[in-house]
Every structure is written in C-alpha cells, then in structure tokens.
>>> print(open('my_file-v5.cif').read())   # mmCIF, C-alpha atoms and all ligand atoms
data_input
#
loop_
_atom_site.label_atom_id
_atom_site.label_comp_id
_atom_site.auth_asym_id
_atom_site.auth_seq_id
_atom_site.Cartn_x
_atom_site.Cartn_y
_atom_site.Cartn_z
CA MET A 1 73.68 71.28 43.85
CA LYS A 2 71.05 69.17 45.51
CA ILE A 3 72.33 65.84 46.80
CA ASP A 4 69.94 62.95 46.21
CA GLU A 5 69.59 59.56 44.50
CA ASN A 6 70.69 61.15 41.18
CA THR A 7 74.07 62.10 42.65
CA ASN A 8 76.97 59.93 41.51
CA ALA A 9 80.01 60.62 43.66
CA ILE A 10 83.66 59.67 43.76
CA VAL A 11 85.37 60.14 47.12
CA ILE A 12 89.14 59.88 46.76
CA GLY A 13 91.00 59.10 49.98
CA GLY A 14 87.57 57.71 50.85
CA GLY A 15 88.96 55.04 53.15
CA GLY A 16 90.21 57.75 55.52
CA ALA A 17 88.38 59.68 58.20
CA ILE A 18 87.27 62.81 56.33
CA GLY A 19 86.54 60.80 53.18
CA ARG A 20 84.43 58.38 55.20
CA GLY A 21 82.45 61.20 56.84
CA THR A 22 81.74 62.76 53.44
CA ALA A 23 80.82 59.43 51.86
CA LEU A 24 78.50 58.54 54.71
CA GLY A 25 76.73 61.90 54.49
CA LEU A 26 76.30 61.49 50.72
CA ALA A 27 74.98 57.93 51.01
CA ARG A 28 72.46 58.97 53.66
CA ARG A 29 70.93 61.27 51.03
CA GLY A 30 70.70 58.43 48.51
CA ALA A 31 73.84 59.25 46.48
CA LYS A 32 75.75 56.40 44.86
CA VAL A 33 79.34 56.58 46.07
CA VAL A 34 82.62 55.18 44.75
CA ILE A 35 85.07 54.94 47.63
CA ALA A 36 88.56 55.20 46.17
CA ASP A 37 91.76 54.80 48.17
CA ILE A 38 95.28 53.47 47.80
CA GLU A 39 94.45 51.19 50.73
CA LEU A 40 91.75 48.97 49.23
CA ASP A 41 90.90 47.36 52.57
CA SER A 42 89.95 50.71 54.17
CA ALA A 43 87.93 51.64 51.06
CA GLU A 44 86.13 48.28 51.28
CA GLU A 45 85.43 48.82 54.97
CA VAL A 46 83.79 52.20 54.28
CA ALA A 47 81.86 50.85 51.27
CA ALA A 48 80.59 47.94 53.40
CA GLU A 49 79.46 50.39 56.10
CA LEU A 50 77.55 52.45 53.53
CA VAL A 51 75.88 49.35 52.08
CA ALA A 52 75.00 48.07 55.56
CA LYS A 53 73.27 51.41 56.18
CA GLY A 54 71.19 51.00 53.01
CA GLY A 55 73.44 52.94 50.59
CA GLU A 56 74.95 52.04 47.22
CA ALA A 57 78.75 51.99 47.20
CA LEU A 58 81.71 50.51 45.39
CA ALA A 59 85.31 50.31 46.65
CA VAL A 60 88.10 50.88 44.11
CA ARG A 61 91.87 51.02 44.62
CA VAL A 62 93.42 54.19 43.20
CA ASP A 63 96.82 55.81 43.42
CA ALA A 64 96.29 59.55 43.17
CA THR A 65 99.96 60.06 42.27
CA ASP A 66 99.39 58.12 39.02
CA GLU A 67 97.22 59.68 36.30
CA SER A 68 96.46 56.34 34.57
CA SER A 69 95.13 54.96 37.86
CA ILE A 70 92.76 57.97 38.17
CA VAL A 71 91.57 57.49 34.57
CA ALA A 72 90.85 53.81 35.34
CA LEU A 73 88.94 54.88 38.47
CA ALA A 74 86.80 57.37 36.53
CA ASP A 75 86.06 54.72 33.87
CA ARG A 76 85.00 52.21 36.53
CA ALA A 77 82.83 54.74 38.32
CA GLU A 78 81.02 55.66 35.09
CA VAL A 79 80.40 51.99 34.24
CA ALA A 80 79.12 51.26 37.75
CA PHE A 81 76.96 54.31 38.44
CA GLY A 82 76.85 56.49 35.29
CA GLU A 83 77.88 60.13 34.84
CA ILE A 84 79.94 61.46 37.73
CA THR A 85 78.36 64.54 39.34
CA LEU A 86 80.39 64.93 42.53
CA LEU A 87 84.11 64.69 43.26
CA SER A 88 85.59 64.82 46.75
CA ASN A 89 89.42 64.89 47.03
CA ASN A 90 90.88 63.95 50.40
CA VAL A 91 94.37 62.62 49.79
CA GLY A 92 96.99 64.38 51.88
CA VAL A 93 100.03 63.91 54.08
CA VAL A 94 101.23 65.63 57.20
CA VAL A 95 104.93 66.46 56.94
CA VAL A 96 106.48 67.83 60.13
CA GLU A 97 109.72 69.81 59.74
CA ARG A 98 111.07 73.35 59.91
CA VAL A 99 110.91 74.87 56.43
CA LEU A 100 114.64 75.65 56.46
CA ASP A 101 115.54 72.09 57.43
CA ALA A 102 113.33 70.25 54.92
CA ASP A 103 115.17 68.76 51.94
CA ASP A 104 113.86 68.39 48.38
CA ALA A 105 112.47 64.90 49.08
CA MET A 106 110.34 66.23 51.95
CA TRP A 107 109.11 69.13 49.84
CA GLY A 108 108.43 66.79 46.93
CA TRP A 109 106.41 64.46 49.15
CA ALA A 110 104.30 67.30 50.55
CA ILE A 111 103.72 68.92 47.14
CA GLU A 112 102.93 65.62 45.42
CA PHE A 113 100.38 64.35 47.95
CA ASN A 114 98.82 67.59 49.19
CA LEU A 115 98.69 69.57 45.95
CA MET A 116 99.38 67.46 42.85
CA SER A 117 97.07 64.59 43.85
CA ILE A 118 94.21 67.12 43.82
CA VAL A 119 95.39 68.85 40.64
CA ARG A 120 95.58 65.48 38.87
CA CYS A 121 92.23 64.12 40.09
CA CYS A 122 90.48 67.36 39.08
CA ARG A 123 92.22 67.39 35.69
CA VAL A 124 91.01 63.86 34.91
CA ILE A 125 87.52 63.97 36.39
CA ALA A 126 86.26 67.59 36.14
CA PRO A 127 86.25 67.63 32.29
CA ARG A 128 84.06 64.50 32.34
CA MET A 129 81.67 66.33 34.68
CA CYS A 130 81.62 69.35 32.34
CA ALA A 131 81.04 67.15 29.27
CA HIS A 132 77.67 65.73 30.37
CA GLY A 133 76.36 69.11 31.44
CA ARG A 134 74.55 68.11 34.64
CA ALA A 135 74.90 70.19 37.82
CA GLY A 136 77.84 69.05 39.88
CA HIS A 137 80.28 69.87 42.64
CA VAL A 138 83.97 69.44 43.48
CA VAL A 139 85.26 69.56 47.06
CA ASN A 140 89.01 69.72 47.62
CA THR A 141 90.26 69.13 51.12
CA ALA A 142 92.92 71.62 52.23
CA SER A 143 93.04 72.45 55.94
CA MET A 144 92.73 75.38 58.28
CA ALA A 145 96.52 75.40 57.73
CA GLY A 146 95.66 76.71 54.26
CA LEU A 147 94.26 79.90 55.78
CA TRP A 148 96.94 80.96 58.23
CA ALA A 149 100.53 80.03 59.03
CA SER A 150 100.61 78.65 62.57
CA LYS A 151 103.43 78.91 65.06
CA PRO A 152 104.42 75.58 66.66
CA GLU A 153 103.09 76.71 70.06
CA GLU A 154 99.63 77.22 68.53
CA VAL A 155 99.46 73.65 67.20
CA GLY A 156 100.88 71.33 69.83
CA GLY A 157 104.54 72.18 69.26
CA VAL A 158 104.85 70.87 65.69
CA ASN A 159 106.34 72.65 62.68
CA LEU A 160 103.62 72.59 60.03
CA GLY A 161 105.38 74.82 57.47
CA LEU A 162 105.43 72.34 54.58
CA TYR A 163 101.85 71.38 55.30
CA THR A 164 100.87 75.06 55.47
CA ALA A 165 102.62 76.01 52.22
CA THR A 166 101.04 73.15 50.27
CA LYS A 167 97.60 73.67 51.81
CA TYR A 168 97.74 77.39 50.88
CA ALA A 169 98.39 76.15 47.35
CA VAL A 170 95.30 73.92 47.50
CA VAL A 171 93.21 76.91 48.59
CA GLY A 172 94.57 79.05 45.72
CA TYR A 173 94.09 76.24 43.21
CA THR A 174 90.54 75.53 44.35
CA GLU A 175 89.43 79.18 44.41
CA THR A 176 90.71 79.46 40.84
CA LEU A 177 89.01 76.23 39.75
CA ARG A 178 85.76 77.61 41.16
CA GLY A 179 85.96 80.44 38.64
CA GLU A 180 86.86 78.11 35.78
CA LEU A 181 83.93 75.74 36.43
CA ALA A 182 81.28 78.32 37.29
CA ASP A 183 80.01 78.52 33.70
CA HIS A 184 79.61 74.74 33.63
CA ASN A 185 77.16 74.69 36.53
CA ILE A 186 79.73 72.98 38.72
CA GLY A 187 80.22 74.38 42.20
CA VAL A 188 83.63 74.17 43.84
CA SER A 189 84.51 74.32 47.53
CA VAL A 190 87.67 74.03 49.56
CA LEU A 191 87.31 72.21 52.86
CA CYS A 192 89.48 73.77 55.59
CA PRO A 193 89.07 71.74 58.77
CA GLY A 194 90.88 72.05 62.08
CA THR A 195 91.73 68.86 63.93
CA VAL A 196 89.71 65.81 62.93
CA ASP A 197 90.12 62.41 64.57
CA SER A 198 92.05 60.37 62.01
CA ASP A 199 95.13 58.25 61.43
CA LEU A 200 96.66 60.76 59.02
CA MET A 201 100.19 60.61 60.48
CA ALA A 202 100.26 56.82 60.05
CA THR A 203 98.63 56.69 56.57
CA SER A 204 101.02 59.43 55.39
CA LEU A 205 104.11 57.44 56.40
CA ARG A 206 102.99 53.99 55.31
CA ASN A 207 102.06 55.17 51.79
CA ARG A 208 105.22 57.26 51.27
CA PRO A 209 106.85 56.25 47.95
CA GLU A 210 110.54 55.26 47.84
CA ARG A 211 111.45 58.50 46.04
CA TYR A 212 110.35 60.49 49.08
CA GLY A 213 111.96 58.26 51.72
CA GLY A 214 109.93 55.05 51.51
CA PRO A 215 107.15 53.63 53.68
CA GLU A 216 107.38 53.68 57.47
CA VAL A 217 105.06 51.94 59.88
CA ILE A 218 104.08 53.66 63.12
CA GLY A 219 101.34 52.87 65.64
CA GLN A 220 97.82 54.15 65.25
CA THR A 221 97.47 57.88 65.89
CA LYS A 222 93.66 57.95 65.73
CA GLY A 223 92.06 58.83 69.05
CA MET A 224 95.17 60.55 70.40
CA VAL A 225 94.09 64.19 70.05
CA PRO A 226 91.51 65.18 72.64
CA HIS A 227 88.47 67.10 71.33
CA ALA A 228 89.22 66.25 67.67
CA MET A 229 86.11 66.46 65.49
CA SER A 230 84.57 63.15 64.41
CA SER A 231 84.45 62.23 60.73
CA ASP A 232 80.62 62.06 60.86
CA GLU A 233 80.51 65.65 62.06
CA VAL A 234 82.86 66.84 59.28
CA GLY A 235 80.64 65.07 56.75
CA ALA A 236 77.64 67.13 57.84
CA TYR A 237 79.60 70.37 57.29
CA VAL A 238 80.73 69.17 53.86
CA LEU A 239 77.18 68.39 52.75
CA ALA A 240 75.95 71.81 53.90
CA GLY A 241 78.83 73.46 52.02
CA ILE A 242 78.09 71.58 48.79
CA GLU A 243 74.39 72.36 48.87
CA ALA A 244 74.99 76.06 49.59
CA ASN A 245 77.96 76.13 47.15
CA ARG A 246 80.20 77.83 49.73
CA MET A 247 83.69 78.66 48.51
CA HIS A 248 85.16 77.66 51.90
CA ILE A 249 83.82 74.89 54.11
CA LEU A 250 84.80 75.93 57.63
CA THR A 251 84.29 73.38 60.37
CA HIS A 252 86.17 74.87 63.32
CA GLN A 253 85.20 78.34 64.57
CA ILE A 254 88.34 78.30 66.72
CA GLY A 255 90.35 79.18 63.59
CA ARG A 256 88.49 82.40 62.97
CA LYS A 257 90.61 84.62 65.22
CA PHE A 258 93.82 83.46 63.54
CA VAL A 259 92.42 84.07 60.06
CA ASP A 260 91.11 87.50 61.17
CA GLN A 261 94.58 88.35 62.49
CA ARG A 262 96.13 87.37 59.17
CA TYR A 263 93.78 89.56 57.14
CA GLU A 264 94.28 92.39 59.62
CA THR A 265 98.03 92.17 58.94
CA VAL A 266 97.42 92.27 55.19
CA THR A 267 95.14 95.31 55.60
CA LYS A 268 97.73 97.07 57.78
CA ASP A 269 100.38 96.42 55.16
CA PHE A 270 98.10 97.98 52.50
CA ASP A 271 97.63 100.96 54.84
CA PHE A 272 101.39 101.26 55.29
CA TYR A 273 101.95 101.44 51.53
CA ALA A 274 98.98 103.71 50.96
CA GLU A 275 100.67 106.29 53.17
CA LEU A 276 104.16 105.92 51.72
N1 LIG B 301 92.80 64.95 60.38
C1 LIG B 301 92.91 66.27 60.47
O1 LIG B 301 93.01 66.83 61.57
C2 LIG B 301 92.91 67.11 59.24
C3 LIG B 301 92.72 68.49 59.39
C4 LIG B 301 92.72 69.29 58.26
C5 LIG B 301 92.88 68.73 57.01
N2 LIG B 301 93.06 67.40 56.89
C6 LIG B 301 93.22 66.86 55.53
O2 LIG B 301 92.16 65.99 55.25
C7 LIG B 301 92.56 65.04 54.26
C8 LIG B 301 92.14 63.65 54.74
O3 LIG B 301 92.84 63.39 55.94
P1 LIG B 301 92.27 62.45 57.10
O4 LIG B 301 92.48 63.18 58.37
O5 LIG B 301 90.94 61.91 56.77
O6 LIG B 301 93.38 61.31 57.07
P2 LIG B 301 93.30 59.79 56.62
O7 LIG B 301 94.67 59.28 56.71
O8 LIG B 301 92.24 59.11 57.42
O9 LIG B 301 92.82 59.88 55.08
C9 LIG B 301 93.71 60.01 53.99
C10 LIG B 301 93.43 58.85 53.05
O10 LIG B 301 94.20 59.03 51.84
C11 LIG B 301 94.64 57.77 51.42
N3 LIG B 301 95.78 57.90 50.51
C12 LIG B 301 97.07 58.17 50.82
N4 LIG B 301 97.82 58.19 49.71
C13 LIG B 301 96.99 57.97 48.67
C14 LIG B 301 97.16 57.89 47.25
N5 LIG B 301 98.38 58.04 46.68
N6 LIG B 301 96.08 57.64 46.47
C15 LIG B 301 94.86 57.46 47.03
N7 LIG B 301 94.63 57.50 48.37
C16 LIG B 301 95.68 57.76 49.17
C17 LIG B 301 94.99 57.06 52.71
O11 LIG B 301 95.06 55.66 52.56
C18 LIG B 301 93.86 57.52 53.63
O12 LIG B 301 92.78 56.61 53.61
C19 LIG B 301 94.06 65.25 54.07
O13 LIG B 301 94.28 66.02 52.93
C20 LIG B 301 94.46 66.03 55.31
O14 LIG B 301 95.60 66.85 55.08
C21 LIG B 301 93.06 66.57 57.97
#
>>> encode(input="my_file-v5.cif", output="structure tokens")
Amino acid sequence: MKIDENTNAIVIGGGGAIGRGTALGLARRGAKVVIADIELDSAEEVAAELVAKGGEALAVRVDATDESSIVALADRAEVAFGEITLLSNNVGVVVVERVLDADDAMWGWAIEFNLMSIVRCCRVIAPRMCAHGRAGHVVNTASMAGLWASKPEEVGGVNLGLYTATKYAVVGYTETLRGELADHNIGVSVLCPGTVDSDLMATSLRNRPERYGGPEVIGQTKGMVPHAMSSDEVGAYVLAGIEANRMHILTHQIGRKFVDQRYETVTKDFDFYAEL
C-alpha cells in the first residue's frame, strides 16, 4: 500500500523504540498515527514528538493482554481518525532462560506477550480493516530470533530459547495471516530485526503481570549494546517493507548466514530422507 495522508495507523507498543521508529516514519509521510502503549507516558512522548514534527498523532493507553482494552483502542482510533488502514504490532518481552529450566510461568509470560498480544490485536483490528475494503497493511514484529535458533555464544552469552520459540510462532502466524488477508487487499509483513537500541529488558520486567512473577524494576538498558540499530533506521526499513508488501522485513544482513545455515540443514535432511 502507499503510505500518505489517507493512511490511518495504529502502532501498538508505540511508546517503545521500534514502535517509535515506525510511527515517526509513517507520520513523515503524512499518516495519522495512534500511538498505543501500556505505558501512557511513553506513548504521549512519542505522540508529542510526531506532532512537534508536523504530524497528526494521538496517544492511547492499551493493554494488549486484554481484548476489551484493544476493542476500546480500535473504537477510539476510528473516532479520532476514521477507518484504520495500517496496524503495527510491537509488544514483546525478552525472557532469558534455558528451555529446560523455564517453568510454566516463564513460558506463559513469553507466549502471552510475544505471541498472544499479536494474535489478539490482529483478531480485533484486522476484521475492521477488511470490513471497509480499503487497501491496508499489518506489520507484526517478531525478531531475527524467529528465523534461526541461536546458541548463547552467538548472542552475547544469553539463552534466548523462549524468545526464539515464541518468535518462530509469530513468524508462522504472520505468514499464515498474509494468506488469509490477501483477498482483502491487505498486505502482511513480519518484521525480523537484529539488535535495536531499546529498553526492552526493562519494559519487559516492569510490565510483567503478577501471574507471571510480577513487575520488577531494573536500570535503563537502552544504549548498552554497541552498534545496535537506531529506531529511526528500523522505521525506514519498515516503511519500505510495507510499500513493497514484503513478507519479511529484514533489517540486519548479519543474520543472513545463520538463516542460510538453517535452510541448508533442512535441505540436507530432505536429501537424507530422499536417499533412505
Ligand atoms: N530491541 C531489539 O533488539 C529487538 C530485536 C528484535 C525484535 N525486537 C522486538 O521488537 C518489539 C519492540 O521491542 P523494542 O525493542 O522496541 O522494545 P521496547 O521496550 O522499547 O518496546 C516495547 C513496548 O511495548 C510496550 N508494552 C509492554 N507490554 C505491553 C502491553 N501489555 N500492552 C501494550 N504495550 C505494552 C512497552 O511499554 C514498550 O513501550 C518486541 O516485540 C521485541 O521482541 C526487539
């Protein structure tokens, strides 16, 4: 789809780094943008930045783990800006643990925030986009971790298994949704970034519901990873991906060799069974 002043967007997790980059890119093209986040102050900060740069934006608090909150968000967005044509889903948590050591609460937390928040936001908002019949687009943020399973030594010594498993699920979900929405003139992309400069570790912990262990406050993690991509830069990749309706939005070429290796393994396994 073409992004312009007729684009009405909702960016969920819009107060965060990747959400902000996407929102900023959209606003620069004249789109009207609802910035939705569980942390209203960060959503307001991003909305104020967009407005200061000449854009039209509205900040709304939403809890993506609660369907009624998403319905209220969609209603408010439609009242403010009209029919929604673009949905960007960026809620996620980073959960660090070995897969064999993680208990049900850790798995539940990862599945709820990384997968179900996206499933729920799409289920509420995509049918509204289909109903009005205008061209549209959905972008779901997974991660490069959704394309290959890293070893700790490849990613700074951390165990990303729960993150990987849930981000693979986001990739599978989004590729399927792309097929389901194709006849409605709605493009669908899955964003699979490598490291982006953000405070994800801290936002994950401070918004953790009681049922998954409760909130925890840690210091800011933004700015700690050298050579992390800026949110502005990610936003430019996202816009290009939407306009070209790419299935995968790939921001970090460094991931290519790992993904190639994975597919090579799959191919070799096919070869093995072909010869059996
Ligand atoms: N930062 C990276 O290196 C990186 C890399 C690949 C993928 N990602 C993914 O990108 C997405 C965005 O991450 P980010 O790096 O911008 O982090 P971020 O912490 O800046 O953004 C996440 C936002 O989601 C919000 N949020 C949390 N729980 C919510 C809820 N229940 N309802 C609504 N909003 C909620 C947070 O307040 C925060 O503003 C995540 O899915 C993350 O897994 C990040």
>>> atom_distance(input="my_file-v5.cif", atom1="atom CA of A:Glu97", atom2="atom CA of A:Glu112")
16.4 Å
>>> axis_aligned_box(input="my_file-v5.cif", around="ligand LIG 301 (chain B)", padding_each_side="3 Å", output="lines of an AutoDock Vina configuration file")
center_x = 94.7
center_y = 62.5
center_z = 54.0
size_x = 13.4
size_y = 19.6
size_z = 21.1
>>> residues_near_ligand(input="my_file-v5.cif", ligand="ligand LIG 301 (chain B)", cutoff="8 Å", atoms="only C-alpha atoms and all ligand atoms", output="MDAnalysis selection string")
chainID A and resid 12:20 36:39 42:43 61:66 89:94 113:114 117 141:145 163 167 191:204 207:208 228:229 231
>>> closest_residue(input="my_file-v5.cif", among="A:Ile254, A:Ala135, A:Ala47, A:Ile35", to="A:Ile242", atoms="all atoms listed in the file")
A:Ala135
>>> residues_around(input="my_file-v5.cif", residues="A:Val238", least_positions_apart="4", cutoff="7 Å", atoms="all atoms listed in the file", output="JSON, numbers by chain")
{"A": [22, 234, 242, 249]}
>>> write_last_selection(input="my_file-v5.cif", atoms="C-alpha atoms", output="PDB file, in the frame of the given file")
ATOM      1  CA  THR A  22      81.740  62.760  53.440  1.00  0.00           C
ATOM      2  CA  VAL A 234      82.860  66.840  59.280  1.00  0.00           C
ATOM      3  CA  ILE A 242      78.090  71.580  48.790  1.00  0.00           C
ATOM      4  CA  ILE A 249      83.820  74.890  54.110  1.00  0.00           C
TER       5      ILE A 249
END
